[in-house]
file upload_13.pdb (PDB, C-alpha atoms and all ligand atoms)
ATOM      1  CA  MET I   1       8.477 -34.122 -26.965  1.00  0.00           C
ATOM      2  CA  LYS I   2       6.996 -35.876 -23.995  1.00  0.00           C
ATOM      3  CA  THR I   3       8.022 -33.011 -21.714  1.00  0.00           C
ATOM      4  CA  THR I   4       6.340 -30.480 -24.006  1.00  0.00           C
ATOM      5  CA  LEU I   5       3.136 -32.468 -24.019  1.00  0.00           C
ATOM      6  CA  PHE I   6       3.268 -32.866 -20.257  1.00  0.00           C
ATOM      7  CA  THR I   7       3.852 -29.119 -19.767  1.00  0.00           C
ATOM      8  CA  ALA I   8       0.993 -28.238 -22.079  1.00  0.00           C
ATOM      9  CA  ALA I   9      -1.288 -30.676 -20.270  1.00  0.00           C
ATOM     10  CA  THR I  10      -0.252 -29.317 -16.874  1.00  0.00           C
ATOM     11  CA  LEU I  11      -0.891 -25.772 -18.027  1.00  0.00           C
ATOM     12  CA  ALA I  12      -4.301 -26.682 -19.405  1.00  0.00           C
ATOM     13  CA  PHE I  13      -5.135 -28.435 -16.153  1.00  0.00           C
ATOM     14  CA  ALA I  14      -4.000 -25.453 -14.083  1.00  0.00           C
ATOM     15  CA  THR I  15      -6.088 -23.105 -16.221  1.00  0.00           C
ATOM     16  CA  TRP I  16      -9.088 -25.417 -15.863  1.00  0.00           C
ATOM     17  CA  CYS I  17      -8.631 -25.590 -12.068  1.00  0.00           C
ATOM     18  CA  SER I  18      -8.384 -21.832 -11.842  1.00  0.00           C
ATOM     19  CA  ALA I  19     -11.522 -21.370 -13.952  1.00  0.00           C
ATOM     20  CA  GLU I  20     -13.365 -24.041 -11.960  1.00  0.00           C
ATOM     21  CA  THR I  21     -12.568 -22.514  -8.590  1.00  0.00           C
ATOM     22  CA  ASN I  22     -12.929 -19.043 -10.126  1.00  0.00           C
ATOM     23  CA  THR I  23      -9.974 -17.717  -8.116  1.00  0.00           C
ATOM     24  CA  PRO I  24     -10.485 -13.949  -8.060  1.00  0.00           C
ATOM     25  CA  ALA I  25      -7.472 -11.761  -8.852  1.00  0.00           C
ATOM     26  CA  ILE I  26      -8.620  -9.095  -6.361  1.00  0.00           C
ATOM     27  CA  THR I  27      -9.845 -10.115  -2.907  1.00  0.00           C
ATOM     28  CA  PHE I  28     -10.819  -8.486   0.387  1.00  0.00           C
ATOM     29  CA  GLN I  29      -8.276  -9.787   2.896  1.00  0.00           C
ATOM     30  CA  PRO I  30      -9.047 -10.172   6.602  1.00  0.00           C
ATOM     31  CA  LEU I  31      -7.540  -7.513   8.843  1.00  0.00           C
ATOM     32  CA  PRO I  32      -4.271  -9.037  10.202  1.00  0.00           C
ATOM     33  CA  TYR I  33      -5.215  -8.168  13.841  1.00  0.00           C
ATOM     34  CA  ALA I  34      -8.275  -7.412  15.988  1.00  0.00           C
ATOM     35  CA  TYR I  35     -10.025  -4.019  15.824  1.00  0.00           C
ATOM     36  CA  ASP I  36      -8.738  -3.104  19.301  1.00  0.00           C
ATOM     37  CA  ALA I  37      -5.194  -4.448  18.750  1.00  0.00           C
ATOM     38  CA  LEU I  38      -3.687  -1.037  17.933  1.00  0.00           C
ATOM     39  CA  GLU I  39      -5.149   0.732  20.998  1.00  0.00           C
ATOM     40  CA  PRO I  40      -4.437   3.306  22.281  1.00  0.00           C
ATOM     41  CA  HIS I  41      -2.820   4.622  19.088  1.00  0.00           C
ATOM     42  CA  ILE I  42      -5.773   3.757  16.860  1.00  0.00           C
ATOM     43  CA  ASP I  43      -9.049   3.111  18.704  1.00  0.00           C
ATOM     44  CA  ALA I  44     -11.200   0.036  18.042  1.00  0.00           C
ATOM     45  CA  LYS I  45     -14.204   2.012  16.740  1.00  0.00           C
ATOM     46  CA  THR I  46     -12.091   3.827  14.155  1.00  0.00           C
ATOM     47  CA  MET I  47     -10.525   0.541  13.028  1.00  0.00           C
ATOM     48  CA  GLU I  48     -13.900  -1.128  12.698  1.00  0.00           C
ATOM     49  CA  ILE I  49     -15.480   1.675  10.667  1.00  0.00           C
ATOM     50  CA  HIS I  50     -12.336   2.238   8.612  1.00  0.00           C
ATOM     51  CA  TYR I  51     -11.902  -1.423   7.652  1.00  0.00           C
ATOM     52  CA  SER I  52     -15.455  -2.797   7.508  1.00  0.00           C
ATOM     53  CA  ARG I  53     -17.113   0.257   5.935  1.00  0.00           C
ATOM     54  CA  HIS I  54     -14.628   2.577   4.202  1.00  0.00           C
ATOM     55  CA  HIS I  55     -12.197  -0.064   2.963  1.00  0.00           C
ATOM     56  CA  LYS I  56     -14.941  -2.612   2.192  1.00  0.00           C
ATOM     57  CA  ALA I  57     -16.761  -0.016   0.070  1.00  0.00           C
ATOM     58  CA  TYR I  58     -13.611   0.636  -1.997  1.00  0.00           C
ATOM     59  CA  PHE I  59     -13.291  -3.111  -2.588  1.00  0.00           C
ATOM     60  CA  THR I  60     -16.959  -3.580  -3.574  1.00  0.00           C
ATOM     61  CA  ASN I  61     -16.851  -0.533  -5.840  1.00  0.00           C
ATOM     62  CA  THR I  62     -13.589  -1.731  -7.422  1.00  0.00           C
ATOM     63  CA  LEU I  63     -15.311  -4.880  -8.649  1.00  0.00           C
ATOM     64  CA  LYS I  64     -18.206  -2.784  -9.992  1.00  0.00           C
ATOM     65  CA  ALA I  65     -15.855  -0.317 -11.697  1.00  0.00           C
ATOM     66  CA  LEU I  66     -13.913  -3.145 -13.372  1.00  0.00           C
ATOM     67  CA  GLU I  67     -17.041  -4.810 -14.795  1.00  0.00           C
ATOM     68  CA  GLY I  68     -17.061  -4.662 -18.561  1.00  0.00           C
ATOM     69  CA  THR I  69     -13.442  -3.455 -18.835  1.00  0.00           C
ATOM     70  CA  ASP I  70     -10.478  -5.500 -20.101  1.00  0.00           C
ATOM     71  CA  LEU I  71      -9.069  -5.378 -16.551  1.00  0.00           C
ATOM     72  CA  VAL I  72     -11.231  -8.195 -15.172  1.00  0.00           C
ATOM     73  CA  GLY I  73      -8.983 -11.013 -13.922  1.00  0.00           C
ATOM     74  CA  LYS I  74      -5.914  -8.758 -13.626  1.00  0.00           C
ATOM     75  CA  THR I  75      -4.163  -8.128 -10.286  1.00  0.00           C
ATOM     76  CA  MET I  76      -4.009  -4.671  -8.702  1.00  0.00           C
ATOM     77  CA  GLU I  77      -0.240  -4.607  -9.299  1.00  0.00           C
ATOM     78  CA  ALA I  78      -0.872  -5.152 -13.025  1.00  0.00           C
ATOM     79  CA  ILE I  79      -3.546  -2.453 -13.211  1.00  0.00           C
ATOM     80  CA  LEU I  80      -1.901   0.377 -11.217  1.00  0.00           C
ATOM     81  CA  PRO I  81       0.803   1.238 -13.824  1.00  0.00           C
ATOM     82  CA  ILE I  82      -1.860   1.683 -16.575  1.00  0.00           C
ATOM     83  CA  ILE I  83      -4.697   3.079 -14.447  1.00  0.00           C
ATOM     84  CA  GLY I  84      -4.600   6.554 -16.039  1.00  0.00           C
ATOM     85  CA  LYS I  85      -6.181   5.079 -19.190  1.00  0.00           C
ATOM     86  CA  TYR I  86      -9.352   4.072 -17.317  1.00  0.00           C
ATOM     87  CA  PRO I  87     -12.320   5.943 -15.801  1.00  0.00           C
ATOM     88  CA  ALA I  88     -11.909   7.817 -12.494  1.00  0.00           C
ATOM     89  CA  ALA I  89     -14.047   5.183 -10.726  1.00  0.00           C
ATOM     90  CA  VAL I  90     -11.315   2.588 -11.387  1.00  0.00           C
ATOM     91  CA  ARG I  91      -8.539   4.904 -10.184  1.00  0.00           C
ATOM     92  CA  ASN I  92     -10.396   6.004  -7.035  1.00  0.00           C
ATOM     93  CA  ASN I  93     -11.757   2.642  -5.916  1.00  0.00           C
ATOM     94  CA  LEU I  94      -8.916   0.338  -6.883  1.00  0.00           C
ATOM     95  CA  GLY I  95      -6.517   2.914  -5.434  1.00  0.00           C
ATOM     96  CA  GLY I  96      -8.567   2.924  -2.238  1.00  0.00           C
ATOM     97  CA  HIS I  97      -8.552  -0.856  -2.020  1.00  0.00           C
ATOM     98  CA  TYR I  98      -4.820  -1.143  -2.714  1.00  0.00           C
ATOM     99  CA  ASN I  99      -3.829   1.676  -0.337  1.00  0.00           C
ATOM    100  CA  HIS I 100      -5.876   0.378   2.601  1.00  0.00           C
ATOM    101  CA  THR I 101      -4.655  -3.211   2.160  1.00  0.00           C
ATOM    102  CA  PHE I 102      -1.104  -1.828   2.110  1.00  0.00           C
ATOM    103  CA  PHE I 103      -1.700   0.438   5.135  1.00  0.00           C
ATOM    104  CA  TRP I 104      -2.994  -2.440   7.337  1.00  0.00           C
ATOM    105  CA  SER I 105       0.073  -4.498   6.453  1.00  0.00           C
ATOM    106  CA  CYS I 106       2.397  -1.706   7.647  1.00  0.00           C
ATOM    107  CA  LEU I 107       0.882  -1.759  11.160  1.00  0.00           C
ATOM    108  CA  SER I 108       1.264  -4.180  14.065  1.00  0.00           C
ATOM    109  CA  PRO I 109       0.278  -4.289  17.753  1.00  0.00           C
ATOM    110  CA  LYS I 110       3.916  -5.220  18.368  1.00  0.00           C
ATOM    111  CA  GLY I 111       5.162  -2.376  16.184  1.00  0.00           C
ATOM    112  CA  GLY I 112       7.255   0.685  16.834  1.00  0.00           C
ATOM    113  CA  GLY I 113      10.947   1.223  17.383  1.00  0.00           C
ATOM    114  CA  GLN I 114      13.299   1.570  14.459  1.00  0.00           C
ATOM    115  CA  PRO I 115      14.263  -0.419  11.391  1.00  0.00           C
ATOM    116  CA  THR I 116      17.642  -2.149  11.427  1.00  0.00           C
ATOM    117  CA  GLY I 117      20.380  -3.156   8.991  1.00  0.00           C
ATOM    118  CA  VAL I 118      20.582  -1.846   5.452  1.00  0.00           C
ATOM    119  CA  LEU I 119      17.219  -0.046   5.643  1.00  0.00           C
ATOM    120  CA  LEU I 120      18.286   1.978   8.689  1.00  0.00           C
ATOM    121  CA  GLU I 121      21.589   2.800   6.984  1.00  0.00           C
ATOM    122  CA  LYS I 122      19.750   3.953   3.853  1.00  0.00           C
ATOM    123  CA  ILE I 123      17.358   6.087   5.917  1.00  0.00           C
ATOM    124  CA  ASN I 124      20.282   7.677   7.758  1.00  0.00           C
ATOM    125  CA  ASN I 125      22.082   8.367   4.482  1.00  0.00           C
ATOM    126  CA  ALA I 126      19.027   9.766   2.728  1.00  0.00           C
ATOM    127  CA  PHE I 127      17.640  11.959   5.516  1.00  0.00           C
ATOM    128  CA  GLY I 128      20.571  12.486   7.923  1.00  0.00           C
ATOM    129  CA  SER I 129      19.179  10.487  10.851  1.00  0.00           C
ATOM    130  CA  PHE I 130      16.143   8.449  11.843  1.00  0.00           C
ATOM    131  CA  ASP I 131      14.686  11.486  13.660  1.00  0.00           C
ATOM    132  CA  ALA I 132      15.215  13.673  10.600  1.00  0.00           C
ATOM    133  CA  PHE I 133      13.414  11.034   8.511  1.00  0.00           C
ATOM    134  CA  LYS I 134      10.479  11.116  10.969  1.00  0.00           C
ATOM    135  CA  GLU I 135      10.341  14.903  10.666  1.00  0.00           C
ATOM    136  CA  ALA I 136      10.349  14.785   6.864  1.00  0.00           C
ATOM    137  CA  PHE I 137       7.684  12.065   6.795  1.00  0.00           C
ATOM    138  CA  LYS I 138       5.499  14.017   9.216  1.00  0.00           C
ATOM    139  CA  LYS I 139       5.899  17.138   7.092  1.00  0.00           C
ATOM    140  CA  ALA I 140       4.672  15.220   4.024  1.00  0.00           C
ATOM    141  CA  ALA I 141       1.703  13.869   6.006  1.00  0.00           C
ATOM    142  CA  MET I 142       0.848  17.318   7.417  1.00  0.00           C
ATOM    143  CA  SER I 143       1.228  19.264   4.181  1.00  0.00           C
ATOM    144  CA  ARG I 144      -1.120  17.019   2.201  1.00  0.00           C
ATOM    145  CA  PHE I 145      -4.079  19.382   1.903  1.00  0.00           C
ATOM    146  CA  GLY I 146      -7.432  17.606   2.267  1.00  0.00           C
ATOM    147  CA  SER I 147      -7.390  13.830   1.954  1.00  0.00           C
ATOM    148  CA  GLY I 148      -4.513  11.597   0.949  1.00  0.00           C
ATOM    149  CA  TRP I 149      -1.500   9.570   1.939  1.00  0.00           C
ATOM    150  CA  ALA I 150       2.205   9.985   2.811  1.00  0.00           C
ATOM    151  CA  TRP I 151       4.642   7.335   1.578  1.00  0.00           C
ATOM    152  CA  LEU I 152       8.208   6.124   1.963  1.00  0.00           C
ATOM    153  CA  CYS I 153       9.295   4.661  -1.372  1.00  0.00           C
ATOM    154  CA  VAL I 154      12.238   3.063  -3.139  1.00  0.00           C
ATOM    155  CA  ALA I 155      13.056   4.744  -6.467  1.00  0.00           C
ATOM    156  CA  GLN I 156      14.154   2.856  -9.582  1.00  0.00           C
ATOM    157  CA  ASP I 157      17.796   3.792  -8.806  1.00  0.00           C
ATOM    158  CA  GLY I 158      17.479   2.261  -5.318  1.00  0.00           C
ATOM    159  CA  SER I 159      17.324   5.557  -3.423  1.00  0.00           C
ATOM    160  CA  LEU I 160      14.676   6.269  -0.775  1.00  0.00           C
ATOM    161  CA  PHE I 161      12.230   9.142  -1.080  1.00  0.00           C
ATOM    162  CA  ILE I 162       9.158  10.507   0.706  1.00  0.00           C
ATOM    163  CA  THR I 163       6.121  11.603  -1.250  1.00  0.00           C
ATOM    164  CA  SER I 164       2.453  12.260  -0.695  1.00  0.00           C
ATOM    165  CA  THR I 165      -0.524  11.540  -2.936  1.00  0.00           C
ATOM    166  CA  PRO I 166      -4.011  13.078  -3.016  1.00  0.00           C
ATOM    167  CA  ASN I 167      -7.290  11.141  -2.674  1.00  0.00           C
ATOM    168  CA  GLN I 168      -6.656   7.440  -3.351  1.00  0.00           C
ATOM    169  CA  ASP I 169      -3.695   7.831  -5.706  1.00  0.00           C
ATOM    170  CA  ASN I 170      -0.409   6.044  -5.028  1.00  0.00           C
ATOM    171  CA  PRO I 171       3.194   6.026  -6.329  1.00  0.00           C
ATOM    172  CA  LEU I 172       2.633   2.855  -8.398  1.00  0.00           C
ATOM    173  CA  MET I 173       0.146   4.666 -10.639  1.00  0.00           C
ATOM    174  CA  ASP I 174       1.219   6.005 -14.040  1.00  0.00           C
ATOM    175  CA  ILE I 175      -0.372   9.348 -13.145  1.00  0.00           C
ATOM    176  CA  ALA I 176       1.657   9.766  -9.922  1.00  0.00           C
ATOM    177  CA  GLU I 177       3.806  12.892  -9.668  1.00  0.00           C
ATOM    178  CA  LYS I 178       6.672  10.790  -8.239  1.00  0.00           C
ATOM    179  CA  LYS I 179       6.771   7.086  -9.038  1.00  0.00           C
ATOM    180  CA  GLY I 180       8.406   4.360  -6.955  1.00  0.00           C
ATOM    181  CA  THR I 181       7.836   1.221  -4.925  1.00  0.00           C
ATOM    182  CA  PRO I 182       6.064   1.994  -1.637  1.00  0.00           C
ATOM    183  CA  ILE I 183       7.406   0.415   1.559  1.00  0.00           C
ATOM    184  CA  LEU I 184       5.529   2.445   4.222  1.00  0.00           C
ATOM    185  CA  VAL I 185       2.358   4.515   4.233  1.00  0.00           C
ATOM    186  CA  ILE I 186       0.098   6.552   6.487  1.00  0.00           C
ATOM    187  CA  ASP I 187      -3.540   7.300   5.699  1.00  0.00           C
ATOM    188  CA  VAL I 188      -4.221  10.968   6.456  1.00  0.00           C
ATOM    189  CA  TRP I 189      -7.878  11.048   5.437  1.00  0.00           C
ATOM    190  CA  GLU I 190      -9.882  12.406   8.385  1.00  0.00           C
ATOM    191  CA  HIS I 191     -11.779   9.103   8.635  1.00  0.00           C
ATOM    192  CA  ALA I 192      -8.462   7.498   9.710  1.00  0.00           C
ATOM    193  CA  TYR I 193      -8.213   9.540  12.934  1.00  0.00           C
ATOM    194  CA  TYR I 194     -11.136  11.897  13.524  1.00  0.00           C
ATOM    195  CA  LEU I 195     -13.005   9.921  16.258  1.00  0.00           C
ATOM    196  CA  LYS I 196      -9.977   9.910  18.554  1.00  0.00           C
ATOM    197  CA  TYR I 197      -7.867  12.860  17.428  1.00  0.00           C
ATOM    198  CA  GLN I 198     -10.553  15.134  15.900  1.00  0.00           C
ATOM    199  CA  ASN I 199      -8.725  17.811  13.905  1.00  0.00           C
ATOM    200  CA  LEU I 200      -5.293  16.966  15.362  1.00  0.00           C
ATOM    201  CA  ARG I 201      -3.670  15.173  12.447  1.00  0.00           C
ATOM    202  CA  ALA I 202      -0.219  15.857  13.960  1.00  0.00           C
ATOM    203  CA  SER I 203      -1.054  13.815  17.098  1.00  0.00           C
ATOM    204  CA  PHE I 204      -2.201  10.924  14.930  1.00  0.00           C
ATOM    205  CA  VAL I 205       1.036  11.039  12.921  1.00  0.00           C
ATOM    206  CA  ASP I 206       3.057  11.097  16.181  1.00  0.00           C
ATOM    207  CA  SER I 207       1.191   7.992  17.417  1.00  0.00           C
ATOM    208  CA  PHE I 208       1.755   6.181  14.122  1.00  0.00           C
ATOM    209  CA  TRP I 209       5.446   5.579  15.009  1.00  0.00           C
ATOM    210  CA  ASN I 210       4.372   3.250  17.851  1.00  0.00           C
ATOM    211  CA  ILE I 211       2.568   0.795  15.575  1.00  0.00           C
ATOM    212  CA  ILE I 212       4.802   0.521  12.484  1.00  0.00           C
ATOM    213  CA  ASN I 213       5.623  -3.051  11.549  1.00  0.00           C
ATOM    214  CA  TRP I 214       9.302  -2.441  10.696  1.00  0.00           C
ATOM    215  CA  PRO I 215      10.165  -6.108   9.953  1.00  0.00           C
ATOM    216  CA  HIS I 216       7.446  -6.013   7.270  1.00  0.00           C
ATOM    217  CA  VAL I 217       8.667  -2.648   5.923  1.00  0.00           C
ATOM    218  CA  GLN I 218      12.159  -4.124   5.812  1.00  0.00           C
ATOM    219  CA  SER I 219      10.982  -7.133   3.799  1.00  0.00           C
ATOM    220  CA  LEU I 220       9.225  -4.791   1.333  1.00  0.00           C
ATOM    221  CA  PHE I 221      12.462  -2.804   1.054  1.00  0.00           C
ATOM    222  CA  GLU I 222      14.492  -5.969   0.334  1.00  0.00           C
ATOM    223  CA  GLN I 223      11.956  -7.102  -2.285  1.00  0.00           C
ATOM    224  CA  ALA I 224      12.080  -3.666  -3.963  1.00  0.00           C
ATOM    225  CA  GLU I 225      15.892  -3.810  -4.062  1.00  0.00           C
ATOM    226  CA  LYS I 226      15.814  -7.266  -5.673  1.00  0.00           C
ATOM    227  CA  THR I 227      13.233  -6.200  -8.253  1.00  0.00           C
ATOM    228  CA  ASN I 228      15.249  -3.078  -9.106  1.00  0.00           C
ATOM    229  CA  LYS I 229      18.366  -5.202  -9.689  1.00  0.00           C
ATOM    230  CA  THR I 230      16.556  -7.489 -12.127  1.00  0.00           C
ATOM    231  CA  THR I 231      14.696  -4.753 -14.040  1.00  0.00           C
ATOM    232  CA  THR I 232      16.190  -2.450 -16.651  1.00  0.00           C
ATOM    233  CA  PRO I 233      15.985   1.141 -15.414  1.00  0.00           C
ATOM    234  CA  GLN I 234      13.279   3.168 -17.161  1.00  0.00           C
ATOM    235  CA  LYS I 235      14.333   6.234 -19.074  1.00  0.00           C
TER     236      LYS I 235
HETATM  237 MN    MN I 301      -8.742   5.369   4.840  1.00  0.00          MN
END

call {"tool": "encode", "arguments": {"input": "upload_13.pdb", "output": "structure tokens", "more": "lines below"}}
Ligand code: MN
result
Amino acid sequence: MKTTLFTAATLAFATWCSAETNTPAITFQPLPYAYDALEPHIDAKTMEIHYSRHHKAYFTNTLKALEGTDLVGKTMEAILPIIGKYPAAVRNNLGGHYNHTFFWSCLSPKGGGQPTGVLLEKINNAFGSFDAFKEAFKKAAMSRFGSGWAWLCVAQDGSLFITSTPNQDNPLMDIAEKKGTPILVIDVWEHAYYLKYQNLRASFVDSFWNIINWPHVQSLFEQAEKTNKTTTPQK
């Protein structure tokens, strides 16, 4: 009885603390490195405009789009699987905020090379070799007409697949053509590369391999595997 009372009191206190400090469910995180940290692969000016203007605008407009909906206070991860039920402004802006936050986390000034361990094995099994995987990923990035993203994902059955999404959609959304848990992404909107590469999207994609944060991708892969094991497969 005492324990129950204590738990209830603790919960009430936690709720009160959260309300007092007004902890927002969706925040604009600092970039995990300096604007010039990814030079020469991504130039400082592009990083600055991309993060502080493009990405910031998606964040600001996400909060506006959520106003007055029942989504206020929910995390992005909670909203993405039901986003098709809401206005396009929610899908486009929250998608934009989620995708950019995810993209920055996949990059590192100390990046490049190859993954190791189980992830490398899975890539080799799924695509034939690491080079064949790079080819397939590049093809997805190049064949996305207009603006969008190319992703490496873990499917519900644990297999790896590559997909691409238009605009600010992503594979966690209910409206996605192919759904899965993303572990790597490249932004192929022109604003991501135009200042340095102009129309040469292929050169930008080739440079991307030098700045991939594989240890982070690997940890996302391990998390996805764990989650898949504890969730009942969807029919
Ligand atoms: Mn972008």

call {"tool": "atom_distance", "arguments": {"input": "upload_13.pdb", "atom1": "atom CA of I:Leu66", "atom2": "atom CA of I:Pro81"}}
result
15.4 Å

call {"tool": "resolve_selection", "arguments": {"input": "upload_13.pdb", "expression": "the PyMOL selection byres (((chain I and resi 71-76) around 8) and not hetatm)", "output": "count of residues only"}}
result
14

call {"tool": "residues_around", "arguments": {"input": "upload_13.pdb", "residues": "I:Gln168", "least_positions_apart": "3", "cutoff": "10 Å", "atoms": "only C-alpha atoms", "output": "list in words"}}
result
Tyr58, Arg91, Asn92, Asn93, Leu94, Gly95, Gly96, His97, Tyr98, Asn99, His100, Ser147, Gly148, Trp149, Thr165, Asp187 and Trp189 of chain I

call {"tool": "closest_residue", "arguments": {"input": "upload_13.pdb", "among": "I:Ala176, I:Leu119, I:Ala65, I:Leu160", "to": "I:Trp214", "atoms": "all atoms listed in the file"}}
result
I:Leu119

call {"tool": "residues_around", "arguments": {"input": "upload_13.pdb", "residues": "stretch 153-159 of chain I", "least_positions_apart": "5", "cutoff": "9 Å", "atoms": "all atoms listed in the file", "output": "PyMOL selection string"}}
result
chain I and resi 122+126+171+178-185+221+224-225+228-229+231+233-234

call {"tool": "closest_residue", "arguments": {"input": "upload_13.pdb", "among": "I:Asp206, I:Asn167, I:Val90, I:Thr230", "to": "I:Leu63", "atoms": "only C-alpha atoms"}}
result
I:Val90

call {"tool": "closest_residue", "arguments": {"input": "upload_13.pdb", "among": "I:Phe208, I:Phe161, I:Tyr193, I:Phe145", "to": "ligand MN 301 (chain I)", "atoms": "all atoms listed in the file"}}
result
I:Tyr193

call {"tool": "residues_around", "arguments": {"input": "upload_13.pdb", "residues": "I:Ser164", "least_positions_apart": "6", "cutoff": "8 Å", "atoms": "only C-alpha atoms", "output": "list in words"}}
result
Ala140, Ala141, Arg144, Gly148, Trp149, Ala150 and Trp151 of chain I

call {"tool": "resolve_selection", "arguments": {"input": "upload_13.pdb", "expression": "the PyMOL selection byres (((chain I and resi 109) around 8) and not hetatm)", "output": "list in words"}}
result
Tyr33, Ala37, Leu38, Leu107, Ser108, Lys110, Gly111 and Ile211 of chain I

call {"tool": "atom_distance", "arguments": {"input": "upload_13.pdb", "atom1": "atom MN of ligand MN 301 (chain I)", "atom2": "atom CA of I:Asp131"}}
result
25.8 Å

call {"tool": "atom_distance", "arguments": {"input": "upload_13.pdb", "atom1": "atom CA of I:Tyr51", "atom2": "atom CA of I:Ile162"}}
result
25.2 Å

call {"tool": "resolve_selection", "arguments": {"input": "upload_13.pdb", "expression": "the PyMOL selection byres (((chain I and resi 194) around 12) and not hetatm)", "output": "CSV table (one decimal) with C-alpha atoms, keeping the file's coordinate frame"}}
result
chain,number,residue,atom,x,y,z
I,42,ILE,CA,-5.8,3.8,16.9
I,43,ASP,CA,-9.0,3.1,18.7
I,45,LYS,CA,-14.2,2.0,16.7
I,46,THR,CA,-12.1,3.8,14.2
I,47,MET,CA,-10.5,0.5,13.0
I,49,ILE,CA,-15.5,1.7,10.7
I,50,HIS,CA,-12.3,2.2,8.6
I,187,ASP,CA,-3.5,7.3,5.7
I,188,VAL,CA,-4.2,11.0,6.5
I,189,TRP,CA,-7.9,11.0,5.4
I,190,GLU,CA,-9.9,12.4,8.4
I,191,HIS,CA,-11.8,9.1,8.6
I,192,ALA,CA,-8.5,7.5,9.7
I,193,TYR,CA,-8.2,9.5,12.9
I,195,LEU,CA,-13.0,9.9,16.3
I,196,LYS,CA,-10.0,9.9,18.6
I,197,TYR,CA,-7.9,12.9,17.4
I,198,GLN,CA,-10.6,15.1,15.9
I,199,ASN,CA,-8.7,17.8,13.9
I,200,LEU,CA,-5.3,17.0,15.4
I,201,ARG,CA,-3.7,15.2,12.4
I,202,ALA,CA,-0.2,15.9,14.0
I,203,SER,CA,-1.1,13.8,17.1
I,204,PHE,CA,-2.2,10.9,14.9

call {"tool": "closest_residue", "arguments": {"input": "upload_13.pdb", "among": "I:Asp174, I:Lys64, I:His54, I:Tyr35", "to": "ligand MN 301 (chain I)", "atoms": "all atoms listed in the file"}}
result
I:His54

call {"tool": "decode", "arguments": {"input": "upload_13.pdb", "residues": "stretch 182-195 of chain I", "atoms": "C-alpha atoms", "output": "PDB file, in the first residue's frame"}}
result
ATOM      1  CA  PRO I 182      16.376   4.366 -40.798  1.00  0.00           C
ATOM      2  CA  ILE I 183      20.051   3.988 -39.870  1.00  0.00           C
ATOM      3  CA  LEU I 184      21.708   6.207 -42.528  1.00  0.00           C
ATOM      4  CA  VAL I 185      20.518   9.050 -44.729  1.00  0.00           C
ATOM      5  CA  ILE I 186      21.690  11.541 -47.328  1.00  0.00           C
ATOM      6  CA  ASP I 187      19.882  14.791 -48.094  1.00  0.00           C
ATOM      7  CA  VAL I 188      19.714  15.231 -51.872  1.00  0.00           C
ATOM      8  CA  TRP I 189      17.812  18.516 -51.938  1.00  0.00           C
ATOM      9  CA  GLU I 190      19.839  20.996 -54.010  1.00  0.00           C
ATOM     10  CA  HIS I 191      20.241  23.244 -50.951  1.00  0.00           C
ATOM     11  CA  ALA I 192      22.408  20.464 -49.430  1.00  0.00           C
ATOM     12  CA  TYR I 193      25.129  20.758 -52.100  1.00  0.00           C
ATOM     13  CA  TYR I 194      24.495  23.467 -54.691  1.00  0.00           C
ATOM     14  CA  LEU I 195      27.001  26.126 -53.458  1.00  0.00           C
TER      15      LEU I 195
END
